[in-house]
Number of protein chains: 2
Amino acid sequence: MTDLDARRTPVTQRAVEEIKRRISDGRFGPGDRLPTERDLAADLGVSRSSMREAIRALITLGVLESRHGAGVYVTALRPSDLLETFSVLAEVSQGATLLEVLQVRRMLEPAATALAAARADDAQLAHIGTLLEDIDGGDGTVSADLGFHQAIVAATGNATLAAVNDGLSSASFHTRVWAGHRQAGLTAKLREDHHRIHEALLARDPDAARAAATAHVLRVEDWLRTELRGQAAPGVESAVRADRER
Amino acid sequence: MTDLDARRTPVTQRAVEEIKRRISDGRFGPGDRLPTERDLAADLGVSRSSMREAIRALITLGVLESRHGAGVYVTALRPSDLLETFSVLAEVSQGATLLEVLQVRRMLEPAATALAAARADDAQLAHIGTLLEDIDGGDGTVSADLGFHQAIVAATGNATLAAVNDGLSSASFHTRVWAGHRQAGLTAKLREDHHRIHEALLARDPDAARAAATAHVLRVEDWLRTELRGQAAPGVESAVRADRER
DNA sequence: ACCCGTTGGTGGTCGGACCACTCTGGCACG
DNA sequence: CGTGCCAGAGTGGTCCGACCACCAACGGGT
């Protein structure tokens with residue numbers, strides 16, 4: 001069957017599929033070094049140019065990594081390696097899509113926080129507490145807030161969950177929310193939420209953690225909704241929008 | 001700073017960044033056609049080979065799409081376009097990571113199904129019903145099962161949610177589960193789950209939908225857990241593992 | 001006015017060449 | 001004998017020029 005299918009399928013794509021297949025069936029394992037581009041190209045019967053494009057695609061996906069002069073290697077295939085790709089979504093998104101992103105986080109974060117309350121060990125809880133203090137006292141509130149939530153999700157021990165959630169929480173989005181919160185005077189409310197979440201974690205109370213996380217995401221979602229309704233053009237980046245004629 | 005950085009940065013990566021920049025600042029808008037590969041290469045001062053690798057990377061990310069003989073276009077940048085990237089995770093993953101993926105789906109699918117029960121219109125419900133019949137009657141149970149769940153998530157109207165969930169539901173994983181289910185004789189149970197979900201949707205009962213979806217995912221998760229416990233090495237591909245010396 | 005073949009332009013593939021980098025082995029020096 | 005260096009081979013990175021496959025628009029024929 002492959003013969004007929006291959007007829008009208010781009011060579012590069014075939015090469016990508018073939019390499020993925022060899023990874024998933026174990027011929028290429030995590031950390032292994034692949035044959036040279038030249039050998040691989042000869043093996044699959046394609047030119048090195050096409051093989052390089054295939055490898056480039058898999059590098060972009062986070063499946064492979066190449067070291068100049070040393071070789072091409074299969075990554076550890078940890079979910080966190082495949083995170084960066086997805087974060088592009090949250091970065092590029094604006095307006096209505098951001099609401100969608102928040103809706104997904106409203107499904108994930110409560111469950112994740114509840115899971116963290118049940119699973120987190122003392123060291124992780126202590127680390128989360130430290131991050132909480134950074135938010136209250138420090139100036140780098142944006143990255144601190146981001147780190148706080150990421151640490152909670154990481155405490156679930158589910159790397160896939162952490163990767164997905166991180167992808168949905170881009171730094172640029174947090175920056176925008178924090179800027180809006182500050183000028184809306186909601187910082188106090190946010191701090192309250194964070195402490196409620198932290199207390200629930202310390203008490204190892206999944207239900208309370210879930211409730212607190214839900215309330216937190218909901219608050220951000222409500223704020224974004226009113227901001228989007230109020231002004232069609234967001235406040236942070238508004239002047240960079242005069243390109244619609246060509 | 002870019003000048004000094006550029007010195008030791010791979011040409012291809014620089015090209016990727018430059019194109020992304022031109023998209024985000026509006027010089028290339030969604031749906032627009034890019035200049036020729038040859039022109040673009042000359043413009044950025046790189047060879048066409050390198051430019052093609054850069055374009056290939058952005059195609060992989062879902063930002064660009066190319067039509068043979070017509071040109072390269074910027075996608076609509078809708079979340080669903082950036083979906084395929086993530087599905088690689090579910091495809092390549094094995095063992096413990098698959099459990100993590102299912103855990104995430106256990107958080108998403110119940111909430112998504114509940115949302116669908118509240119939001120789906122008659123046409124969507126009818127479509128879902130059709131897909132359900134395909135599962136019961138047809139032979140292509142795998143793709144039918146996949147389509148059933150995707151249609152439900154799509155009925156929530158949240159494209160981002162659909163993209164994330166689809167990414168977590170790779171065809172290869174479903175194939176594996178279905179093969180296991182069939183030999184374990186759990187097909188009847190699965191069918192029961194599907195009908196319960198469908199009824200809840202028809203009744204516009206979010207709570208019932210949530211419960212049914214939870215039970216469904218939980219059943220798959222339990223099956224996978226026992227299979228993984230039973231045999232350390234998965235059953236599908238096991239004999240292809242004799243490459244450790246070189 | 002409509003249909004269809006021609007033709008130019010575009011992405012897709014190829015092969016080869018050269019450069020930049022890494023690694024390793026052996027040589028010279030201490 | 002031990003240590004350091006350096007030269008070579010091997011690998012990915014980049015470039016070039018050519019040709020093929022495909023699409024779309026233009027044009028002549030009916």
# chains A, B, ... in the order shown; residues from 1 in each chain; ligands from 1

call {"tool": "interface_residues", "arguments": {"of": "chain C", "to": "chain A", "cutoff": "10 Å", "atoms": "only C-alpha atoms (C1' of nucleotides)", "output": "JSON, numbers by chain"}}
result
{"C": [12, 13, 14, 15, 20, 21, 22, 23]}

call {"tool": "closest_atom_pairs", "arguments": {"of": "chain D", "to": "chain B", "cutoff": "7 Å", "atoms": "only C-alpha atoms (C1' of nucleotides)", "output": "CSV"}}
result
residue,atom,partner,partner_atom,distance
D:DC15,C1',B:Ser47,CA,5.9
D:DC22,C1',B:Gly69,CA,4.9
D:DC23,C1',B:Gly69,CA,4.9

call {"tool": "closest_residue", "arguments": {"among": "A:Ser66, A:Thr9, A:Thr97, A:Thr75", "to": "chain B", "atoms": "only C-alpha atoms"}}
result
A:Thr97

call {"tool": "closest_residue", "arguments": {"among": "A:Leu161, A:Leu34, A:Ile19, A:Ala123", "to": "chain B", "atoms": "only C-alpha atoms"}}
result
A:Leu161

call {"tool": "interface_residues", "arguments": {"of": "chain B", "to": "chain A", "cutoff": "6 Å", "atoms": "only C-alpha atoms", "output": "mmCIF file with N, CA, C and O atoms, in the first residue's frame"}}
result
data_model
loop_
_atom_site.group_PDB
_atom_site.id
_atom_site.type_symbol
_atom_site.label_atom_id
_atom_site.label_comp_id
_atom_site.auth_asym_id
_atom_site.auth_seq_id
_atom_site.Cartn_x
_atom_site.Cartn_y
_atom_site.Cartn_z
ATOM 1 N N GLU B 53 14.196 25.684 4.925
ATOM 2 C CA GLU B 53 14.181 25.061 6.260
ATOM 3 C C GLU B 53 13.417 25.928 7.246
ATOM 4 O O GLU B 53 12.643 25.434 8.064
ATOM 5 N N ALA B 57 9.961 24.919 9.200
ATOM 6 C CA ALA B 57 9.761 24.996 10.644
ATOM 7 C C ALA B 57 8.447 25.693 10.961
ATOM 8 O O ALA B 57 7.657 25.225 11.794
ATOM 9 N N THR B 60 5.535 23.545 10.210
ATOM 10 C CA THR B 60 5.361 22.546 11.259
ATOM 11 C C THR B 60 4.648 23.142 12.470
ATOM 12 O O THR B 60 3.843 22.485 13.118
ATOM 13 N N VAL B 92 4.056 9.671 20.267
ATOM 14 C CA VAL B 92 5.368 9.132 20.597
ATOM 15 C C VAL B 92 5.420 8.572 22.010
ATOM 16 O O VAL B 92 6.235 7.725 22.328
ATOM 17 N N GLU B 100 -0.379 9.789 32.088
ATOM 18 C CA GLU B 100 -0.467 11.225 32.351
ATOM 19 C C GLU B 100 -1.420 11.894 31.377
ATOM 20 O O GLU B 100 -2.227 12.744 31.765
ATOM 21 N N VAL B 104 -4.957 14.005 32.197
ATOM 22 C CA VAL B 104 -5.340 15.337 31.740
ATOM 23 C C VAL B 104 -6.703 15.282 31.050
ATOM 24 O O VAL B 104 -7.562 16.144 31.261
ATOM 25 N N ASN B 158 -15.679 26.043 21.681
ATOM 26 C CA ASN B 158 -14.370 26.556 22.115
ATOM 27 C C ASN B 158 -13.280 25.885 21.280
ATOM 28 O O ASN B 158 -12.895 24.750 21.533
ATOM 29 N N THR B 160 -10.130 26.490 21.046
ATOM 30 C CA THR B 160 -8.907 26.202 21.780
ATOM 31 C C THR B 160 -9.032 24.884 22.534
ATOM 32 O O THR B 160 -8.133 24.038 22.500
ATOM 33 N N LEU B 161 -10.151 24.718 23.188
ATOM 34 C CA LEU B 161 -10.400 23.472 23.909
ATOM 35 C C LEU B 161 -10.341 22.289 22.960
ATOM 36 O O LEU B 161 -9.724 21.261 23.261
ATOM 37 N N GLU B 237 4.366 -3.215 20.141
ATOM 38 C CA GLU B 237 5.697 -3.327 19.569
ATOM 39 C C GLU B 237 6.656 -3.800 20.659
ATOM 40 O O GLU B 237 6.954 -3.097 21.593
#

call {"tool": "residues_around", "arguments": {"residues": "His198 in chain B", "least_positions_apart": "4", "cutoff": "12 Å", "atoms": "only C-alpha atoms (C1' of nucleotides)", "output": "ChimeraX atom specification"}}
result
/B:113-114,116-117,120,124-133,148-149,151-152,191-194,202-206,208-210,212-213

call {"tool": "atom_distance", "arguments": {"atom1": "CA of Leu64 in chain A", "atom2": "CA of Leu146 in chain B"}}
result
27.9 Å

call {"tool": "select_by_dssp", "arguments": {"residues": "range 7-79 of chain B", "states": "helix (DSSP H, G or I)", "output": "PyMOL selection string"}}
result
chain B and resi 7+11-24+37-44+48-61+79

call {"tool": "residues_around", "arguments": {"residues": "DA7 in chain D", "least_positions_apart": "3", "cutoff": "10 Å", "atoms": "only C-alpha atoms (C1' of nucleotides)", "output": "PyMOL selection string"}}
result
chain C and resi 25-27

call {"tool": "write_last_selection", "arguments": {"atoms": "C-alpha atoms (C1' of nucleotides)", "output": "PDB file, in the first residue's frame"}}
result
ATOM      1  C1'  DG C  25      43.650   9.758  18.567  1.00  0.00           C
ATOM      2  C1'  DG C  26      48.521  10.139  18.447  1.00  0.00           C
ATOM      3  C1'  DC C  27      52.492  12.915  18.859  1.00  0.00           C
TER       4       DC C  27
END

call {"tool": "atom_distance", "arguments": {"atom1": "CA of Glu37 in chain B", "atom2": "CA of Gln13 in chain B"}}
result
15.7 Å

call {"tool": "residues_around", "arguments": {"residues": "DA25 in chain D", "least_positions_apart": "3", "cutoff": "12 Å", "atoms": "only C-alpha atoms (C1' of nucleotides)", "output": "list in words"}}
result
Ala70 of chain B; DT6, DT7, DG8 and DG9 of chain C

call {"tool": "atom_distance", "arguments": {"atom1": "CA of Gly167 in chain A", "atom2": "CA of Ala155 in chain A"}}
result
16.6 Å
